[in-house]
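Colleague: Questions regarding the structure given below will be posed in turn.
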Amino acid sequence: MKRIGILTSGGDAPGMNAAIRSVVRTAIYNDIEVMGIRRGYNGLINGDIIPLDVSSVADIIHRGGTILHTARSKEFMTEEGLDMAMNILEVFKIDGLVVIGGDGSLRGAQKLSEKGIKTIGIPGTIDNDVACTDFTIGFDTAVNTALDAIAKIRDTSTSHERTNIIEVMGRNSGDIALLAGLAGGADYVIVPEKELNIDEICKEILKGKNRGKLHSIVVLAEGAGGAYEVGKQIQIKTGIETRTTILGYIQRGGSPTAFDRILASRMASMAIELLMGGKTSRTVCIQNNKLIDLDIDDALSYKKQFDEKSYKLVEILSI
Ligand SMILES: Nc1ncnc2c1ncn2[C@@H]1O[C@H](COP(=O)(O)OP(=O)(O)OP(=O)(O)O)[C@@H](O)[C@H]1O
Ligand SMILES: O=P(O)(O)OC[C@H]1O[C@](O)(CO)[C@@H](O)[C@@H]1O
């Protein structure tokens, strides 16, 4: 293996830069050249490619976002787009590719490997919705960012004796809501994996009020829908003044936690080892605190298991 490419795709996530740094430095350490493909699969189709050396990845381990930029590419999902991407890889003499992104991005990597380019995927998304891995890069930072916001909202909720609904990201996954809610002492978490029951939530809130609680915190995952409507319903049914905060993109930016930097550095270095070992169509995952690699098709066939125990624990601890 003489020259590899690296790209980030889908939504950005804190820790992607740490992964890029680790790919570049592990490769160069092993005498492999690295080309940075900018703007995801769009950049691959358009030849938006720059060489990366040791210094190009200096001073980025602590930065959010991705220095390679990212994108979602409809064109890449067509047969013509895929062929154009393969042509560009040939033109730039790239014989291995590392893709950092969510499940869609890994699917794209798999398509390229079917066409003959050696590809390795690294799961990076704040949503933690790639079922084959216990953690995706960026998830831990997003949970900590949400937790910090919950703590601040809790202060003002207490002063005003209000209920606060806090909407977090996660697409169709309730993982950010669940863990930020557990760590933030939420009274209730609303997740897409569970049916929404407003009366049940109101009962819990009123139970808390009757034992002298000064505030209630409800963490809602965006995929569970309608934060403002949920807040309105709760206010009508409990008579308690209710406010809604949507955290949005602050969860996708910011300096990655130690956990995400370490996970990113380890996964990315392993991706290069896999390429050097001649592997293709594999994705790196972490399971039970061990890094493993799986065939991308197998990895994408995993079904995400909802963490019922943590969900129950939120209920137990909010009595
Ligand atoms: N089935 C597929 N075949 C080829 N390419 C795909 C496929 N699915 C997704 N991709 C490519 O990967 C890109 C990113 O996918 P997607 O928008 O689903 O985000 P993701 O990687 O799942 O990350 P996130 O959910 O964090 O945004 C798509 O825009 C597309 O270019
Ligand atoms: O960047 P966009 O297109 O607004 O996408 C937002 C989505 O991306 C994510 O931030 C990451 O997949 C989701 O949590 C969210 O639903």
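Simple scheme: letters A, B, ... for chains in structure tokens order, numbers from 1 for residues in each chain, numbers from 1 for ligands in the order shown.
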Could you give me, as JSON lines, a per-residue list for chain A showing, wherever an atom lies at most 12 Å from an atom of ligand 2, the closest pair of atoms and their distance in Å to one decimal, using only C-alpha atoms and all ligand atoms and sorting by chain then residue number from low to high?
Modeller:
{"residue": "A:Ser9", "atom": "CA", "partner": "ligand 2", "partner_atom_place_in_ligand_line": "12 (O)", "distance": 10.2}
{"residue": "A:Gly10", "atom": "CA", "partner": "ligand 2", "partner_atom_place_in_ligand_line": "12 (O)", "distance": 6.8}
{"residue": "A:Gly11", "atom": "CA", "partner": "ligand 2", "partner_atom_place_in_ligand_line": "11 (C)", "distance": 4.6}
{"residue": "A:Asp12", "atom": "CA", "partner": "ligand 2", "partner_atom_place_in_ligand_line": "11 (C)", "distance": 7.0}
{"residue": "A:Ala13", "atom": "CA", "partner": "ligand 2", "partner_atom_place_in_ligand_line": "11 (C)", "distance": 7.6}
{"residue": "A:Pro14", "atom": "CA", "partner": "ligand 2", "partner_atom_place_in_ligand_line": "10 (O)", "distance": 11.0}
{"residue": "A:Gly65", "atom": "CA", "partner": "ligand 2", "partner_atom_place_in_ligand_line": "10 (O)", "distance": 11.7}
{"residue": "A:Thr70", "atom": "CA", "partner": "ligand 2", "partner_atom_place_in_ligand_line": "1 (O)", "distance": 9.8}
{"residue": "A:Ala71", "atom": "CA", "partner": "ligand 2", "partner_atom_place_in_ligand_line": "1 (O)", "distance": 8.8}
{"residue": "A:Arg72", "atom": "CA", "partner": "ligand 2", "partner_atom_place_in_ligand_line": "3 (O)", "distance": 8.2}
{"residue": "A:Ser73", "atom": "CA", "partner": "ligand 2", "partner_atom_place_in_ligand_line": "3 (O)", "distance": 11.5}
{"residue": "A:Gly101", "atom": "CA", "partner": "ligand 2", "partner_atom_place_in_ligand_line": "12 (O)", "distance": 9.1}
{"residue": "A:Gly102", "atom": "CA", "partner": "ligand 2", "partner_atom_place_in_ligand_line": "12 (O)", "distance": 7.3}
{"residue": "A:Asp103", "atom": "CA", "partner": "ligand 2", "partner_atom_place_in_ligand_line": "12 (O)", "distance": 9.6}
{"residue": "A:Gly104", "atom": "CA", "partner": "ligand 2", "partner_atom_place_in_ligand_line": "12 (O)", "distance": 9.8}
{"residue": "A:Ser105", "atom": "CA", "partner": "ligand 2", "partner_atom_place_in_ligand_line": "12 (O)", "distance": 10.8}
{"residue": "A:Pro123", "atom": "CA", "partner": "ligand 2", "partner_atom_place_in_ligand_line": "12 (O)", "distance": 11.5}
{"residue": "A:Gly124", "atom": "CA", "partner": "ligand 2", "partner_atom_place_in_ligand_line": "12 (O)", "distance": 9.3}
{"residue": "A:Thr125", "atom": "CA", "partner": "ligand 2", "partner_atom_place_in_ligand_line": "11 (C)", "distance": 5.8}
{"residue": "A:Ile126", "atom": "CA", "partner": "ligand 2", "partner_atom_place_in_ligand_line": "11 (C)", "distance": 5.8}
{"residue": "A:Asp127", "atom": "CA", "partner": "ligand 2", "partner_atom_place_in_ligand_line": "14 (O)", "distance": 5.4}
{"residue": "A:Asn128", "atom": "CA", "partner": "ligand 2", "partner_atom_place_in_ligand_line": "12 (O)", "distance": 8.9}
{"residue": "A:Asp129", "atom": "CA", "partner": "ligand 2", "partner_atom_place_in_ligand_line": "12 (O)", "distance": 8.7}
{"residue": "A:Val130", "atom": "CA", "partner": "ligand 2", "partner_atom_place_in_ligand_line": "12 (O)", "distance": 10.7}
{"residue": "A:Thr136", "atom": "CA", "partner": "ligand 2", "partner_atom_place_in_ligand_line": "12 (O)", "distance": 11.2}
{"residue": "A:Ile137", "atom": "CA", "partner": "ligand 2", "partner_atom_place_in_ligand_line": "11 (C)", "distance": 11.5}
{"residue": "A:Gly138", "atom": "CA", "partner": "ligand 2", "partner_atom_place_in_ligand_line": "11 (C)", "distance": 9.7}
{"residue": "A:Phe139", "atom": "CA", "partner": "ligand 2", "partner_atom_place_in_ligand_line": "11 (C)", "distance": 9.9}
{"residue": "A:Ala142", "atom": "CA", "partner": "ligand 2", "partner_atom_place_in_ligand_line": "14 (O)", "distance": 9.6}
{"residue": "A:Val143", "atom": "CA", "partner": "ligand 2", "partner_atom_place_in_ligand_line": "14 (O)", "distance": 11.7}
{"residue": "A:Glu167", "atom": "CA", "partner": "ligand 2", "partner_atom_place_in_ligand_line": "14 (O)", "distance": 11.0}
{"residue": "A:Val168", "atom": "CA", "partner": "ligand 2", "partner_atom_place_in_ligand_line": "14 (O)", "distance": 8.1}
{"residue": "A:Met169", "atom": "CA", "partner": "ligand 2", "partner_atom_place_in_ligand_line": "14 (O)", "distance": 4.3}
{"residue": "A:Gly170", "atom": "CA", "partner": "ligand 2", "partner_atom_place_in_ligand_line": "14 (O)", "distance": 3.9}
{"residue": "A:Arg171", "atom": "CA", "partner": "ligand 2", "partner_atom_place_in_ligand_line": "16 (O)", "distance": 3.9}
{"residue": "A:Asn172", "atom": "CA", "partner": "ligand 2", "partner_atom_place_in_ligand_line": "16 (O)", "distance": 7.7}
{"residue": "A:Ser173", "atom": "CA", "partner": "ligand 2", "partner_atom_place_in_ligand_line": "14 (O)", "distance": 8.4}
{"residue": "A:Gly174", "atom": "CA", "partner": "ligand 2", "partner_atom_place_in_ligand_line": "14 (O)", "distance": 10.1}
{"residue": "A:Asp175", "atom": "CA", "partner": "ligand 2", "partner_atom_place_in_ligand_line": "14 (O)", "distance": 10.5}
{"residue": "A:Ile176", "atom": "CA", "partner": "ligand 2", "partner_atom_place_in_ligand_line": "14 (O)", "distance": 9.2}
{"residue": "A:Ala177", "atom": "CA", "partner": "ligand 2", "partner_atom_place_in_ligand_line": "14 (O)", "distance": 11.1}
{"residue": "A:Ala221", "atom": "CA", "partner": "ligand 2", "partner_atom_place_in_ligand_line": "14 (O)", "distance": 9.3}
{"residue": "A:Glu222", "atom": "CA", "partner": "ligand 2", "partner_atom_place_in_ligand_line": "16 (O)", "distance": 7.2}
{"residue": "A:Gly223", "atom": "CA", "partner": "ligand 2", "partner_atom_place_in_ligand_line": "16 (O)", "distance": 7.7}
{"residue": "A:Ala224", "atom": "CA", "partner": "ligand 2", "partner_atom_place_in_ligand_line": "16 (O)", "distance": 11.4}
{"residue": "A:Gly225", "atom": "CA", "partner": "ligand 2", "partner_atom_place_in_ligand_line": "16 (O)", "distance": 11.3}
{"residue": "A:Leu247", "atom": "CA", "partner": "ligand 2", "partner_atom_place_in_ligand_line": "14 (O)", "distance": 10.8}
{"residue": "A:Gly248", "atom": "CA", "partner": "ligand 2", "partner_atom_place_in_ligand_line": "10 (O)", "distance": 7.9}
{"residue": "A:Tyr249", "atom": "CA", "partner": "ligand 2", "partner_atom_place_in_ligand_line": "10 (O)", "distance": 7.0}
{"residue": "A:Ile250", "atom": "CA", "partner": "ligand 2", "partner_atom_place_in_ligand_line": "10 (O)", "distance": 9.7}
{"residue": "A:Gln251", "atom": "CA", "partner": "ligand 2", "partner_atom_place_in_ligand_line": "10 (O)", "distance": 7.8}
{"residue": "A:Arg252", "atom": "CA", "partner": "ligand 2", "partner_atom_place_in_ligand_line": "10 (O)", "distance": 6.3}
{"residue": "A:Gly253", "atom": "CA", "partner": "ligand 2", "partner_atom_place_in_ligand_line": "10 (O)", "distance": 9.8}
Colleague: Please provide as JSON, numbers by chain all residues within 6 Å of range 155-160 of chain A, with the sequence filter that same-chain residues fewer than 3 positions apart are discarded (counting only C-alpha atoms).
Modeller: {"A": [152, 214, 215]}
Colleague: DSSP on the backbone, strand (DSSP E) only: what residues of range 141-276 of chain A does that give? Format it as a ChimeraX atom specification.
Modeller: /A:163-168,188-190,216-221,242-246
Colleague: Quick one: everything within 10 Å of Asp298 in chain A, counting only C-alpha atoms, minus sequence neighbours fewer than 6 positions away in the same chain. Send it as a ChimeraX atom specification.
Modeller: /A:132,282-283
Colleague: Go ahead and save the picked residues with C-alpha atoms, as a tab-separated table (two decimals), in the first residue's frame.
Modeller:
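Ended up saving to selection-v4.tsv:
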chain	number	residue	atom	x	y	z
A	132	CYS	CA	-22.31	-2.86	15.69
A	282	ARG	CA	-14.25	-3.78	7.17
A	283	THR	CA	-15.38	-1.40	9.85
Colleague: For each of A:Ile20, A:Leu112, A:Ile94, A:Leu68, take the minimum atom-to-atom distance to ligand 1, counting only C-alpha atoms and all ligand atoms, then give the residue where this is smallest.
Modeller: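 Under the stated criterion, the closest residue is A:Leu112.
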Colleague: If I take CA of Lys118 in chain A and CA of Met16 in chain A, how far is one from the other in Å, to one decimal?
Modeller: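 According to the coordinates, CA of Lys118 in chain A and CA of Met16 in chain A are separated by 20.7 Å.
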Colleague: Between CA of Asn289 in chain A and CA of Leu263 in chain A, what is the distance, to one decimal in Å?
Modeller: 10.0 Å
Colleague: Quick check, in Å to one decimal: how far apart do CA of Glu75 in chain A and CA of Gly278 in chain A lie?
Modeller: 28.8 Å
Colleague: Which residues come within 9 Å of Val99 in chain A, counting only C-alpha atoms, excluding same-chain residues fewer than 4 positions away, as a list in words?
Modeller: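 Within the cut-off, the hits are Gly5, Ile6, Leu7, Thr8, Ser9, Gly40, Ser105, Leu106, Gly108, Ala109, Thr119, Ile120, Gly121, Ile122 and Pro123 of chain A.
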Colleague: Can you write just those residues out, N, CA and C atoms, as a JSON list (two decimals), in the first residue's frame?
Modeller:
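Done, and the output landed in result_8.json:
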[["chain", "number", "residue", "atom", "x", "y", "z"],
["A", 5, "GLY", "N", -6.42, 7.35, 0.87],
["A", 5, "GLY", "CA", -7.25, 8.56, 0.98],
["A", 5, "GLY", "C", -8.07, 8.48, 2.26],
["A", 6, "ILE", "N", -8.45, 9.66, 2.74],
["A", 6, "ILE", "CA", -9.32, 9.70, 3.91],
["A", 6, "ILE", "C", -10.40, 10.74, 3.68],
["A", 7, "LEU", "N", -11.64, 10.41, 4.09],
["A", 7, "LEU", "CA", -12.72, 11.40, 4.00],
["A", 7, "LEU", "C", -13.65, 11.27, 5.20],
["A", 8, "THR", "N", -14.31, 12.41, 5.51],
["A", 8, "THR", "CA", -15.36, 12.41, 6.54],
["A", 8, "THR", "C", -16.68, 12.66, 5.82],
["A", 9, "SER", "N", -17.74, 11.99, 6.27],
["A", 9, "SER", "CA", -19.02, 12.04, 5.53],
["A", 9, "SER", "C", -20.19, 12.04, 6.51],
["A", 40, "GLY", "N", -16.59, 15.09, 1.82],
["A", 40, "GLY", "CA", -17.21, 13.75, 1.73],
["A", 40, "GLY", "C", -17.15, 13.14, 0.35],
["A", 105, "SER", "N", -22.65, 6.54, 5.59],
["A", 105, "SER", "CA", -21.28, 6.68, 5.07],
["A", 105, "SER", "C", -20.60, 5.31, 4.95],
["A", 106, "LEU", "N", -20.87, 4.44, 5.92],
["A", 106, "LEU", "CA", -20.27, 3.10, 5.87],
["A", 106, "LEU", "C", -20.85, 2.31, 4.69],
["A", 108, "GLY", "N", -21.75, 3.60, 1.90],
["A", 108, "GLY", "CA", -21.03, 4.15, 0.75],
["A", 108, "GLY", "C", -19.66, 3.49, 0.61],
["A", 109, "ALA", "N", -18.98, 3.32, 1.73],
["A", 109, "ALA", "CA", -17.64, 2.69, 1.73],
["A", 109, "ALA", "C", -17.74, 1.26, 1.20],
["A", 119, "THR", "N", -11.39, -0.54, 1.32],
["A", 119, "THR", "CA", -11.98, 0.50, 2.19],
["A", 119, "THR", "C", -12.14, 0.01, 3.62],
["A", 120, "ILE", "N", -11.92, 0.92, 4.54],
["A", 120, "ILE", "CA", -12.14, 0.65, 5.97],
["A", 120, "ILE", "C", -13.01, 1.77, 6.53],
["A", 121, "GLY", "N", -14.04, 1.43, 7.28],
["A", 121, "GLY", "CA", -14.94, 2.42, 7.88],
["A", 121, "GLY", "C", -14.64, 2.64, 9.35],
["A", 122, "ILE", "N", -14.90, 3.86, 9.79],
["A", 122, "ILE", "CA", -14.78, 4.20, 11.21],
["A", 122, "ILE", "C", -16.09, 4.90, 11.60],
["A", 123, "PRO", "N", -16.81, 4.37, 12.59],
["A", 123, "PRO", "CA", -18.10, 4.97, 12.94],
["A", 123, "PRO", "C", -17.95, 6.30, 13.69]]
Colleague: Which residue out of A:Ala146, A:Ala18, A:Leu178, A:Ile153 has the minimum interatomic distance to Asp307 in chain A when only C-alpha atoms are used?
Modeller: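 Among the listed residues, A:Leu178 lies closest to Asp307 in chain A.
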Colleague: Once DSSP has gone over the backbone, tell me which residues of range 145-214 of chain A are in alpha helix (DSSP H), as an mmCIF file with N, CA and C atoms, in the first residue's frame.
Modeller:
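The result, stored in selection25.cif:
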data_model
loop_
_atom_site.group_PDB
_atom_site.id
_atom_site.type_symbol
_atom_site.label_atom_id
_atom_site.label_comp_id
_atom_site.auth_asym_id
_atom_site.auth_seq_id
_atom_site.Cartn_x
_atom_site.Cartn_y
_atom_site.Cartn_z
ATOM 1 N N THR A 145 -21.998 17.655 26.442
ATOM 2 C CA THR A 145 -22.495 19.001 26.111
ATOM 3 C C THR A 145 -23.949 19.144 26.556
ATOM 4 N N ALA A 146 -24.744 18.115 26.272
ATOM 5 C CA ALA A 146 -26.160 18.153 26.673
ATOM 6 C C ALA A 146 -26.259 18.206 28.204
ATOM 7 N N LEU A 147 -25.395 17.451 28.855
ATOM 8 C CA LEU A 147 -25.402 17.410 30.329
ATOM 9 C C LEU A 147 -25.101 18.785 30.927
ATOM 10 N N ASP A 148 -24.137 19.453 30.342
ATOM 11 C CA ASP A 148 -23.764 20.796 30.803
ATOM 12 C C ASP A 148 -24.967 21.744 30.659
ATOM 13 N N ALA A 149 -25.671 21.619 29.537
ATOM 14 C CA ALA A 149 -26.851 22.473 29.306
ATOM 15 C C ALA A 149 -27.966 22.134 30.298
ATOM 16 N N ILE A 150 -28.144 20.850 30.551
ATOM 17 C CA ILE A 150 -29.197 20.429 31.495
ATOM 18 C C ILE A 150 -28.920 21.028 32.875
ATOM 19 N N ALA A 151 -27.657 21.002 33.284
ATOM 20 C CA ALA A 151 -27.293 21.534 34.610
ATOM 21 C C ALA A 151 -27.624 23.020 34.703
ATOM 22 N N LYS A 152 -27.360 23.749 33.629
ATOM 23 C CA LYS A 152 -27.641 25.191 33.638
ATOM 24 C C LYS A 152 -29.145 25.454 33.653
ATOM 25 N N ILE A 153 -29.864 24.688 32.858
ATOM 26 C CA ILE A 153 -31.322 24.866 32.794
ATOM 27 C C ILE A 153 -31.949 24.481 34.137
ATOM 28 N N ARG A 154 -31.354 23.498 34.790
ATOM 29 C CA ARG A 154 -31.847 23.060 36.100
ATOM 30 C C ARG A 154 -31.810 24.223 37.103
ATOM 31 N N ASP A 155 -30.731 25.017 37.089
ATOM 32 C CA ASP A 155 -30.613 26.152 38.024
ATOM 33 C C ASP A 155 -31.807 27.096 37.890
ATOM 34 N N THR A 156 -32.068 27.498 36.659
ATOM 35 C CA THR A 156 -33.147 28.478 36.471
ATOM 36 C C THR A 156 -34.522 27.828 36.671
ATOM 37 N N SER A 157 -34.625 26.526 36.367
ATOM 38 C CA SER A 157 -35.888 25.803 36.619
ATOM 39 C C SER A 157 -36.225 25.817 38.097
ATOM 40 N N THR A 158 -35.194 25.633 38.923
ATOM 41 C CA THR A 158 -35.407 25.605 40.377
ATOM 42 C C THR A 158 -35.865 26.977 40.863
ATOM 43 N N SER A 159 -35.178 28.028 40.418
ATOM 44 C CA SER A 159 -35.532 29.382 40.864
ATOM 45 C C SER A 159 -36.992 29.700 40.548
ATOM 46 N N HIS A 160 -37.424 29.305 39.348
ATOM 47 C CA HIS A 160 -38.782 29.671 38.917
ATOM 48 C C HIS A 160 -39.815 28.578 39.172
ATOM 49 N N ASP A 175 -30.307 7.572 22.321
ATOM 50 C CA ASP A 175 -29.137 7.377 23.192
ATOM 51 C C ASP A 175 -28.650 8.654 23.873
ATOM 52 N N ILE A 176 -28.582 9.776 23.144
ATOM 53 C CA ILE A 176 -28.088 11.011 23.773
ATOM 54 C C ILE A 176 -29.064 11.399 24.889
ATOM 55 N N ALA A 177 -30.369 11.349 24.587
ATOM 56 C CA ALA A 177 -31.382 11.721 25.590
ATOM 57 C C ALA A 177 -31.283 10.820 26.811
ATOM 58 N N LEU A 178 -31.122 9.541 26.570
ATOM 59 C CA LEU A 178 -31.114 8.577 27.674
ATOM 60 C C LEU A 178 -29.928 8.809 28.611
ATOM 61 N N LEU A 179 -28.725 8.897 28.047
ATOM 62 C CA LEU A 179 -27.545 9.014 28.916
ATOM 63 C C LEU A 179 -27.386 10.409 29.503
ATOM 64 N N ALA A 180 -27.724 11.441 28.722
ATOM 65 C CA ALA A 180 -27.657 12.805 29.280
ATOM 66 C C ALA A 180 -28.734 12.945 30.356
ATOM 67 N N GLY A 181 -29.885 12.321 30.126
ATOM 68 C CA GLY A 181 -30.975 12.364 31.110
ATOM 69 C C GLY A 181 -30.599 11.635 32.385
ATOM 70 N N LEU A 182 -29.986 10.480 32.235
ATOM 71 C CA LEU A 182 -29.564 9.701 33.410
ATOM 72 C C LEU A 182 -28.528 10.476 34.220
ATOM 73 N N ALA A 183 -27.528 10.998 33.504
ATOM 74 C CA ALA A 183 -26.453 11.730 34.201
ATOM 75 C C ALA A 183 -26.945 13.064 34.763
ATOM 76 N N ILE A 198 -48.080 11.126 27.535
ATOM 77 C CA ILE A 198 -48.076 12.431 28.219
ATOM 78 C C ILE A 198 -48.670 12.314 29.627
ATOM 79 N N ASP A 199 -49.744 11.537 29.765
ATOM 80 C CA ASP A 199 -50.384 11.427 31.090
ATOM 81 C C ASP A 199 -49.425 10.840 32.111
ATOM 82 N N GLU A 200 -48.663 9.854 31.680
ATOM 83 C CA GLU A 200 -47.680 9.206 32.561
ATOM 84 C C GLU A 200 -46.617 10.237 33.006
ATOM 85 N N ILE A 201 -46.157 11.044 32.049
ATOM 86 C CA ILE A 201 -45.142 12.066 32.363
ATOM 87 C C ILE A 201 -45.727 13.075 33.348
ATOM 88 N N CYS A 202 -46.966 13.509 33.110
ATOM 89 C CA CYS A 202 -47.609 14.494 33.996
ATOM 90 C C CYS A 202 -47.752 13.919 35.401
ATOM 91 N N LYS A 203 -48.091 12.641 35.482
ATOM 92 C CA LYS A 203 -48.240 11.978 36.796
ATOM 93 C C LYS A 203 -46.910 12.050 37.556
ATOM 94 N N GLU A 204 -45.816 11.750 36.854
ATOM 95 C CA GLU A 204 -44.482 11.779 37.486
ATOM 96 C C GLU A 204 -44.136 13.194 37.953
ATOM 97 N N ILE A 205 -44.442 14.174 37.100
ATOM 98 C CA ILE A 205 -44.115 15.567 37.438
ATOM 99 C C ILE A 205 -44.908 16.007 38.675
ATOM 100 N N LEU A 206 -46.183 15.657 38.714
ATOM 101 C CA LEU A 206 -47.028 16.073 39.851
ATOM 102 C C LEU A 206 -46.623 15.335 41.128
ATOM 103 N N LYS A 207 -46.208 14.092 40.971
ATOM 104 C CA LYS A 207 -45.724 13.311 42.128
ATOM 105 C C LYS A 207 -44.522 14.033 42.742
ATOM 106 N N GLY A 208 -43.618 14.472 41.879
ATOM 107 C CA GLY A 208 -42.428 15.191 42.337
ATOM 108 C C GLY A 208 -42.798 16.494 43.029
ATOM 109 N N LYS A 209 -43.727 17.222 42.428
ATOM 110 C CA LYS A 209 -44.149 18.510 42.996
ATOM 111 C C LYS A 209 -44.748 18.291 44.386
ATOM 112 N N ASN A 210 -45.565 17.247 44.516
ATOM 113 C CA ASN A 210 -46.236 16.983 45.802
ATOM 114 C C ASN A 210 -45.277 16.582 46.911
#
Colleague: Which residues are close to Lys290 in chain A, i.e. within 12 Å by only C-alpha atoms, leaving aside same-chain residues fewer than 5 positions away? Reply as a PyMOL selection string.
Modeller: chain A and resi 133-135+263+266-267+270+284-285
Colleague: Please produce an output containing C-alpha atoms for each residue in the selection, written as a PDB file, in the first residue's frame.
Modeller:
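Writing done, so here's part24.pdb:
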ATOM      1  CA  THR A 133     -20.344  -0.574  18.001  1.00  0.00           C
ATOM      2  CA  ASP A 134     -21.014   0.293  21.636  1.00  0.00           C
ATOM      3  CA  PHE A 135     -19.862   3.865  20.960  1.00  0.00           C
ATOM      4  CA  LEU A 263     -11.511   6.264  20.829  1.00  0.00           C
ATOM      5  CA  ARG A 266      -7.308   4.079  18.505  1.00  0.00           C
ATOM      6  CA  MET A 267      -9.934   3.316  15.855  1.00  0.00           C
ATOM      7  CA  MET A 270      -6.386   0.318  13.638  1.00  0.00           C
ATOM      8  CA  VAL A 284     -13.698  -0.834  13.170  1.00  0.00           C
ATOM      9  CA  CYS A 285     -15.999  -1.118  16.214  1.00  0.00           C
TER      10      CYS A 285
END
Colleague: For a quick check of understanding, using only C-alpha atoms and all ligand atoms, which of A:Met1, A:Leu294, A:Leu313, A:Ile100 has the smallest distance to ligand 1?
Modeller: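 Checking each candidate against ligand 1, we get A:Ile100 as the closest.
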Colleague: Restricting the calculation to only C-alpha atoms: of A:Ile28, A:Ala258, A:Ile50, A:Lys194, which residue gets closest to Tyr311 in chain A?
Modeller: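 Distance minimum relative to Tyr311 in chain A lands on A:Lys194.
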